[in-house]
>>> print(open('model_6.cif').read())   # mmCIF, C-alpha atoms and all ligand atoms
data_start
#
loop_
_atom_site.label_atom_id
_atom_site.label_comp_id
_atom_site.auth_asym_id
_atom_site.auth_seq_id
_atom_site.Cartn_x
_atom_site.Cartn_y
_atom_site.Cartn_z
CA MET A 1 218.22 196.97 -156.72
CA ASN A 2 220.79 196.58 -153.98
CA ASN A 3 222.60 193.28 -154.35
CA LYS A 4 225.34 193.99 -151.87
CA VAL A 5 225.97 191.79 -148.87
CA PHE A 6 227.89 192.96 -145.82
CA ALA A 7 229.19 191.02 -142.88
CA LEU A 8 229.94 192.81 -139.64
CA ILE A 9 232.49 190.94 -137.57
CA ASP A 10 232.49 192.16 -133.99
CA CYS A 11 234.62 190.77 -131.16
CA ASN A 12 232.62 189.73 -128.12
CA ALA A 13 233.44 191.77 -125.00
CA PHE A 14 236.76 192.52 -126.67
CA TYR A 15 238.92 193.79 -123.78
CA VAL A 16 237.65 191.06 -121.48
CA SER A 17 238.27 188.46 -124.19
CA CYS A 18 241.86 189.72 -124.68
CA GLU A 19 242.57 189.38 -120.96
CA ARG A 20 241.04 185.90 -120.93
CA VAL A 21 243.39 184.70 -123.66
CA PHE A 22 246.30 185.19 -121.24
CA ASN A 23 244.43 184.31 -118.07
CA PRO A 24 242.01 181.43 -118.66
CA LYS A 25 241.00 181.54 -114.98
CA LEU A 26 238.82 184.47 -116.00
CA ASN A 27 236.65 182.22 -118.18
CA ASN A 28 233.04 181.59 -117.14
CA ARG A 29 233.02 184.23 -114.42
CA PRO A 30 232.05 187.91 -114.25
CA VAL A 31 234.90 190.10 -115.49
CA VAL A 32 234.99 193.83 -116.29
CA ALA A 33 237.61 196.16 -117.76
CA LEU A 34 238.00 199.78 -116.64
CA SER A 35 238.64 202.96 -118.61
CA ASN A 36 241.97 204.84 -118.61
CA ASN A 37 241.80 206.26 -115.10
CA ASP A 38 240.03 203.17 -113.72
CA GLY A 39 236.86 205.24 -113.48
CA CYS A 40 234.25 203.50 -115.62
CA ILE A 41 233.45 200.02 -116.82
CA ILE A 42 234.12 199.76 -120.55
CA SER A 43 234.00 196.03 -121.23
CA ARG A 44 231.92 193.34 -119.56
CA SER A 45 231.90 189.59 -119.84
CA LYS A 46 228.53 187.96 -120.48
CA GLU A 47 228.46 186.93 -116.80
CA ALA A 48 229.01 190.54 -115.72
CA LYS A 49 226.23 191.72 -118.05
CA ALA A 50 223.91 189.14 -116.50
CA LEU A 51 224.52 190.75 -113.09
CA GLY A 52 223.05 193.97 -114.46
CA ILE A 53 226.36 195.87 -114.72
CA LYS A 54 225.81 198.48 -117.42
CA MET A 55 228.26 199.73 -120.04
CA GLY A 56 230.05 202.95 -119.03
CA VAL A 57 228.90 202.89 -115.42
CA PRO A 58 231.38 204.35 -112.87
CA LEU A 59 232.95 201.56 -110.83
CA PHE A 60 231.90 203.08 -107.48
CA LYS A 61 228.24 202.82 -108.48
CA VAL A 62 228.43 199.02 -108.79
CA LYS A 63 230.88 198.47 -105.95
CA ASP A 64 228.38 196.39 -103.99
CA ILE A 65 227.66 193.96 -106.83
CA VAL A 66 231.37 193.73 -107.64
CA GLU A 67 232.22 192.77 -104.06
CA LYS A 68 229.25 190.51 -103.46
CA GLU A 69 229.53 188.62 -106.74
CA ASN A 70 233.32 188.50 -106.75
CA VAL A 71 233.56 190.28 -110.12
CA PHE A 72 237.11 190.35 -111.46
CA VAL A 73 238.11 193.94 -112.28
CA PHE A 74 241.15 194.99 -114.29
CA SER A 75 242.67 198.17 -115.72
CA SER A 76 242.73 198.38 -119.48
CA ASN A 77 245.89 197.49 -121.34
CA TYR A 78 245.66 199.16 -124.74
CA THR A 79 249.00 197.85 -125.99
CA LEU A 80 247.66 194.34 -125.59
CA TYR A 81 244.27 195.17 -127.17
CA ALA A 82 245.88 196.90 -130.16
CA ASP A 83 248.08 193.88 -130.73
CA MET A 84 245.17 191.43 -130.46
CA SER A 85 243.09 193.66 -132.72
CA ARG A 86 245.81 193.58 -135.37
CA ARG A 87 245.84 189.78 -135.27
CA VAL A 88 242.06 189.54 -135.63
CA MET A 89 241.96 192.14 -138.42
CA ASN A 90 244.77 190.39 -140.31
CA ILE A 91 242.75 187.18 -140.42
CA ILE A 92 239.65 189.07 -141.56
CA SER A 93 241.62 190.90 -144.27
CA TYR A 94 243.03 187.61 -145.56
CA SER A 95 239.50 186.22 -145.79
CA SER A 96 238.31 188.91 -148.22
CA PRO A 97 239.86 191.73 -150.26
CA HIS A 98 236.98 194.04 -149.32
CA THR A 99 237.57 194.60 -145.62
CA GLU A 100 236.89 197.86 -143.84
CA ILE A 101 238.28 198.07 -140.32
CA TYR A 102 235.68 200.05 -138.42
CA SER A 103 237.00 200.14 -134.86
CA ILE A 104 239.44 198.30 -132.63
CA ASP A 105 237.10 195.29 -132.50
CA GLU A 106 234.84 195.60 -135.54
CA ALA A 107 235.23 195.19 -139.28
CA PHE A 108 232.87 195.16 -142.24
CA VAL A 109 233.47 192.78 -145.11
CA GLU A 110 231.69 193.16 -148.42
CA LEU A 111 230.80 189.63 -149.48
CA SER A 112 228.66 189.84 -152.60
CA SER A 113 231.65 189.93 -154.97
CA LEU A 114 232.83 186.57 -153.64
CA SER A 115 230.97 183.51 -154.82
CA ILE A 116 230.64 181.84 -151.45
CA ASP A 117 227.98 180.61 -149.08
CA TYR A 118 227.79 183.58 -146.70
CA GLU A 119 226.88 181.66 -143.57
CA GLU A 120 229.46 179.00 -144.29
CA TYR A 121 232.08 181.74 -144.70
CA ALA A 122 231.04 183.35 -141.43
CA HIS A 123 231.16 180.12 -139.41
CA GLN A 124 234.56 179.29 -140.89
CA LEU A 125 235.94 182.78 -140.22
CA ARG A 126 234.68 182.67 -136.65
CA LYS A 127 236.40 179.35 -136.11
CA THR A 128 239.69 180.56 -137.64
CA ILE A 129 239.75 183.75 -135.54
CA LEU A 130 239.06 181.78 -132.36
CA GLN A 131 241.70 179.17 -133.16
CA HIS A 132 244.42 181.65 -134.07
CA THR A 133 243.77 184.41 -131.54
CA GLY A 134 241.50 183.00 -128.84
CA ILE A 135 239.03 185.85 -129.41
CA PRO A 136 235.33 184.95 -129.87
CA VAL A 137 233.52 187.02 -132.48
CA SER A 138 229.92 187.40 -133.65
CA ILE A 139 229.05 187.91 -137.29
CA GLY A 140 225.95 189.57 -138.71
CA ILE A 141 225.21 189.37 -142.43
CA ALA A 142 222.77 191.62 -144.29
CA SER A 143 222.23 193.76 -147.36
CA THR A 144 223.35 197.02 -145.70
CA LYS A 145 225.93 197.88 -143.05
CA THR A 146 223.22 199.06 -140.70
CA LEU A 147 221.25 195.85 -141.04
CA SER A 148 224.42 193.83 -140.55
CA LYS A 149 224.70 195.56 -137.17
CA VAL A 150 221.17 194.45 -136.35
CA ALA A 151 222.04 190.91 -137.44
CA ASN A 152 225.21 191.04 -135.34
CA HIS A 153 223.23 192.06 -132.28
CA LYS A 154 220.94 189.09 -132.85
CA ALA A 155 223.95 186.78 -133.32
CA LYS A 156 225.23 187.88 -129.89
CA LYS A 157 221.91 187.56 -128.08
CA ASP A 158 220.67 184.26 -129.44
CA GLU A 159 223.03 181.49 -128.40
CA THR A 160 221.34 178.93 -130.65
CA LEU A 161 222.78 180.77 -133.68
CA ASN A 162 226.41 179.88 -132.82
CA GLY A 163 227.58 183.45 -133.32
CA VAL A 164 226.32 183.94 -136.87
CA CYS A 165 223.09 185.59 -137.96
CA SER A 166 222.28 186.13 -141.61
CA LEU A 167 219.42 188.24 -142.89
CA VAL A 168 220.14 187.38 -146.51
CA GLY A 169 220.42 184.27 -148.61
CA HIS A 170 216.81 183.27 -148.38
CA LYS A 171 213.81 185.23 -149.47
CA ASN A 172 211.50 183.80 -146.84
CA ILE A 173 212.50 183.21 -143.27
CA ASP A 174 210.71 179.91 -143.49
CA ARG A 175 212.54 178.73 -146.53
CA THR A 176 210.88 176.31 -148.86
CA TYR A 177 212.73 175.20 -151.93
CA SER A 178 210.46 176.11 -154.80
CA GLN A 179 209.97 179.53 -156.35
CA GLY A 180 206.30 179.66 -155.41
CA HIS A 181 205.04 180.55 -151.94
CA GLY A 182 201.28 180.50 -152.59
CA TYR A 183 198.85 178.04 -151.08
CA LYS A 184 198.80 175.83 -154.17
CA ASP A 185 202.62 175.68 -154.29
CA LEU A 186 202.90 174.90 -150.59
CA CYS A 187 200.29 172.10 -150.86
CA LYS A 188 202.27 170.56 -153.68
CA GLU A 189 205.70 171.02 -152.15
CA LEU A 190 205.03 170.17 -148.53
CA LEU A 191 202.05 167.80 -148.70
CA ASN A 192 202.32 166.53 -152.25
CA ILE A 193 198.70 167.47 -152.87
CA ASP A 194 197.56 169.02 -156.14
CA ILE A 195 194.99 171.76 -155.75
CA SER A 196 192.87 172.72 -158.69
CA LYS A 197 192.43 176.47 -159.00
CA LYS A 198 189.77 176.06 -161.65
CA GLN A 199 186.92 177.40 -159.51
CA GLN A 200 188.90 180.41 -158.33
CA SER A 201 187.39 182.77 -160.87
CA SER A 202 183.83 181.42 -160.83
CA ASP A 203 180.83 183.55 -159.78
CA TRP A 204 180.99 183.68 -155.99
CA SER A 205 178.10 186.16 -155.71
CA ASN A 206 175.63 183.48 -156.73
CA PRO A 207 173.34 182.75 -153.71
CA ASP A 208 173.23 179.04 -154.64
CA LEU A 209 176.82 177.91 -154.85
CA THR A 210 177.47 174.78 -156.88
CA LYS A 211 178.86 171.63 -155.27
CA GLU A 212 182.16 172.29 -157.06
CA GLN A 213 182.33 175.78 -155.64
CA ILE A 214 181.63 174.58 -152.09
CA ASN A 215 184.24 171.86 -152.44
CA TYR A 216 186.70 174.35 -153.78
CA ALA A 217 186.06 176.77 -150.90
CA ALA A 218 186.70 173.97 -148.41
CA THR A 219 189.86 172.75 -150.17
CA ASP A 220 191.16 176.26 -150.18
CA VAL A 221 191.67 176.21 -146.42
CA MET A 222 191.56 172.57 -145.34
CA HIS A 223 195.29 171.97 -145.71
CA LEU A 224 196.40 175.10 -143.85
CA HIS A 225 196.98 173.31 -140.54
CA ALA A 226 199.03 170.56 -142.17
CA ILE A 227 201.10 173.22 -143.96
CA LYS A 228 201.63 175.14 -140.71
CA ILE A 229 202.90 171.97 -139.00
CA LYS A 230 205.35 171.31 -141.84
CA LEU A 231 206.60 174.91 -141.90
CA ASP A 232 207.06 174.88 -138.11
CA GLU A 233 209.17 171.74 -138.47
CA ILE A 234 211.38 173.51 -141.03
CA LEU A 235 211.74 176.55 -138.76
CA LYS A 236 212.76 174.36 -135.87
CA ARG A 237 215.27 172.46 -137.98
CA GLN A 238 216.81 175.73 -139.17
CA ASN A 239 216.85 177.36 -135.72
CA ARG A 240 214.63 180.17 -136.94
CA GLU A 241 211.73 180.00 -134.51
CA LEU A 242 212.90 182.99 -132.49
CA LEU A 243 213.45 185.00 -135.65
CA VAL A 244 209.87 184.37 -136.75
CA GLU A 245 208.54 185.15 -133.30
CA ALA A 246 210.41 188.47 -133.35
CA CYS A 247 209.09 189.27 -136.85
CA ILE A 248 205.53 188.61 -135.76
CA LYS A 249 205.96 190.82 -132.69
CA PHE A 250 207.31 193.52 -135.01
CA LEU A 251 204.21 193.49 -137.25
CA PRO A 252 202.23 196.21 -135.40
CA ILE A 253 205.30 198.50 -135.68
CA ARG A 254 205.64 197.58 -139.35
CA VAL A 255 201.99 198.63 -139.86
CA GLU A 256 202.64 201.89 -138.04
CA LEU A 257 205.67 202.57 -140.27
CA ASP A 258 203.53 201.79 -143.30
CA LEU A 259 200.86 204.26 -142.18
CA ARG A 260 203.55 206.90 -141.71
CA GLY A 261 204.71 206.39 -145.27
CA TRP A 262 207.93 204.50 -144.63
CA GLU A 263 208.91 203.07 -147.97
CA ASN A 264 211.33 200.30 -147.21
CA ASP A 265 209.71 196.96 -146.61
CA ILE A 266 211.92 194.70 -144.57
CA PHE A 267 209.59 191.79 -145.36
CA SER A 268 209.43 192.28 -149.12
CA HIS A 269 210.37 189.53 -151.51
CA SER A 270 210.32 189.56 -155.26
CA ASN A 271 208.03 186.70 -156.22
MG MG A 301 232.59 194.36 -129.65
#
>>> encode(input="model_6.cif", output="C-alpha cells")
Amino acid sequence: MNNKVFALIDCNAFYVSCERVFNPKLNNRPVVALSNNDGCIISRSKEAKALGIKMGVPLFKVKDIVEKENVFVFSSNYTLYADMSRRVMNIISYSSPHTEIYSIDEAFVELSSLSIDYEEYAHQLRKTILQHTGIPVSIGIASTKTLSKVANHKAKKDETLNGVCSLVGHKNIDRTYSQGHGYKDLCKELLNIDISKKQQSSDWSNPDLTKEQINYAATDVMHLHAIKIKLDEILKRQNRELLVEACIKFLPIRVELDLRGWENDIFSHSN
C-alpha cells in the first residue's frame, strides 16, 4: 500500500512572472519570453496563451498576432531567473525537509511524513511564496509524482481551485463524513432516514411478491433523487463539480483500460 503524498510546486509562466515582479506594467496583458537567441517563445503569460501562442513557436511565425495584439516580447534573462528560482526554492525547502528541486521552476515535496493538512499547507505555501517573491505558483497534491503533475495541471487550468488541486485526503470526490458509502448509509447521513435491509435477502424469484417486498423494492430507490440533490450541494460547496464532470467523462476510457487489463484503479477506495 502506497501511503506517500507528493506535492508538485510549479511556478506559473515562470520567466514572464519574474519579469513582472520588476515591471508591474506587464500584469494583465499578453507577455512572452524568448529563448537564448531570441528565436522561440519559451514562456507565455496566461493572456498570451489565450491568444493561441504556442510554447516553443518561432517568433516570426506569430509576428502578426504579436503586432496586432500588442504582445510584450522580451529576451530571457537567466541571471534574474536563477536568482528568483533560488528564492522560491529556499521558501519551499524551509517548508519541508523532503524537498526535491526538479527544475528551475518546479519542486516536489514529500508530505506524508509531516502531520499536516495537505491542502492547508499548499495554500499557505502559495501565499508565502507570492508574498516573499512575487511569483505565483500552482500546487498539485497526489499519491505519486506523476499524479501530482496531473493535479498541478488541473490547479493551473481551473481558476476556482485557487492554485491548489489535491487528489488525496478524501476517499470519495464527493466526500461524506461517515465510513459507509452505501445507499443505507447515505439515507441515514444525508436525509436522516433509516432504511431496513431486512427484505434484501428474501426470495425475489417468487412470482407473487409480498407487500413487504414491494415496499422494500420501492424504498430501495425512492430516496435516490433526494440523495443526488444533497451530494450535488456538497460538490458545489467544495468546488468539485468540474472534477466530477471530468471523472464521468473519463469513464469510457476507464472501461477501455479495464478491458485491456490495466490494473491500477484511479477510482478505487478501500471500504
Ligand atoms: Mg512552470
>>> residues_around(input="model_6.cif", residues="Gly56 of chain A", least_positions_apart="5", cutoff="12 Å", atoms="only C-alpha atoms", output="tab-separated table (two decimals) with C-alpha atoms, in the coordinates of the input")
chain	number	residue	atom	x	y	z
A	32	VAL	CA	234.99	193.83	-116.29
A	33	ALA	CA	237.61	196.16	-117.76
A	34	LEU	CA	238.00	199.78	-116.64
A	35	SER	CA	238.64	202.96	-118.61
A	38	ASP	CA	240.03	203.17	-113.72
A	39	GLY	CA	236.86	205.24	-113.48
A	40	CYS	CA	234.25	203.50	-115.62
A	41	ILE	CA	233.45	200.02	-116.82
A	42	ILE	CA	234.12	199.76	-120.55
A	43	SER	CA	234.00	196.03	-121.23
A	44	ARG	CA	231.92	193.34	-119.56
A	49	LYS	CA	226.23	191.72	-118.05
A	61	LYS	CA	228.24	202.82	-108.48
A	62	VAL	CA	228.43	199.02	-108.79
>>> atom_distance(input="model_6.cif", atom1="atom CA of Lys184 of chain A", atom2="atom CA of Asn3 of chain A")
29.5 Å
>>> closest_residue(input="model_6.cif", among="A:Val5, A:Ala218, A:Ala122, A:Leu259", to="Ala155 of chain A", atoms="only C-alpha atoms")
A:Ala122
>>> residues_near_ligand(input="model_6.cif", ligand="ligand MG 301 (chain A)", cutoff="8 Å", atoms="only C-alpha atoms and all ligand atoms", output="list in words")
Asp10, Cys11, Asn12, Ala13, Phe14, Asp105, Glu106 and Val137 of chain A
>>> atom_distance(input="model_6.cif", atom1="atom CA of Pro30 of chain A", atom2="atom CA of Glu67 of chain A")
11.3 Å
>>> atom_distance(input="model_6.cif", atom1="atom CA of Lys46 of chain A", atom2="atom CA of Tyr121 of chain A")
25.3 Å
>>> residues_around(input="model_6.cif", residues="Glu47 of chain A", least_positions_apart="2", cutoff="10 Å", atoms="only C-alpha atoms", output="list in words")
Asn27, Asn28, Arg29, Pro30, Val31, Val32, Arg44, Ser45, Lys49, Ala50, Leu51, Gly52, Ile53 and Val71 of chain A
>>> closest_residue(input="model_6.cif", among="A:His98, A:Lys156, A:Lys236, A:His132", to="Leu111 of chain A", atoms="only C-alpha atoms")
A:His98
>>> axis_aligned_box(input="model_6.cif", around="segment 237-254 of chain A", padding_each_side="6 Å", output="lines of an AutoDock Vina configuration file")
center_x = 209.5
center_y = 185.5
center_z = -135.9
size_x = 26.6
size_y = 38.0
size_z = 18.9
>>> closest_residue(input="model_6.cif", among="A:Val109, A:Asn70, A:Leu191, A:Gly261", to="Ile229 of chain A", atoms="all atoms listed in the file")
A:Leu191
>>> closest_residue(input="model_6.cif", among="A:Arg237, A:Leu130, A:Ser85, A:Ser166", to="His153 of chain A", atoms="all atoms listed in the file")
A:Ser166
>>> closest_residue(input="model_6.cif", among="A:Cys165, A:Ile195, A:Cys18, A:Leu251", to="Asn215 of chain A", atoms="only C-alpha atoms")
A:Ile195
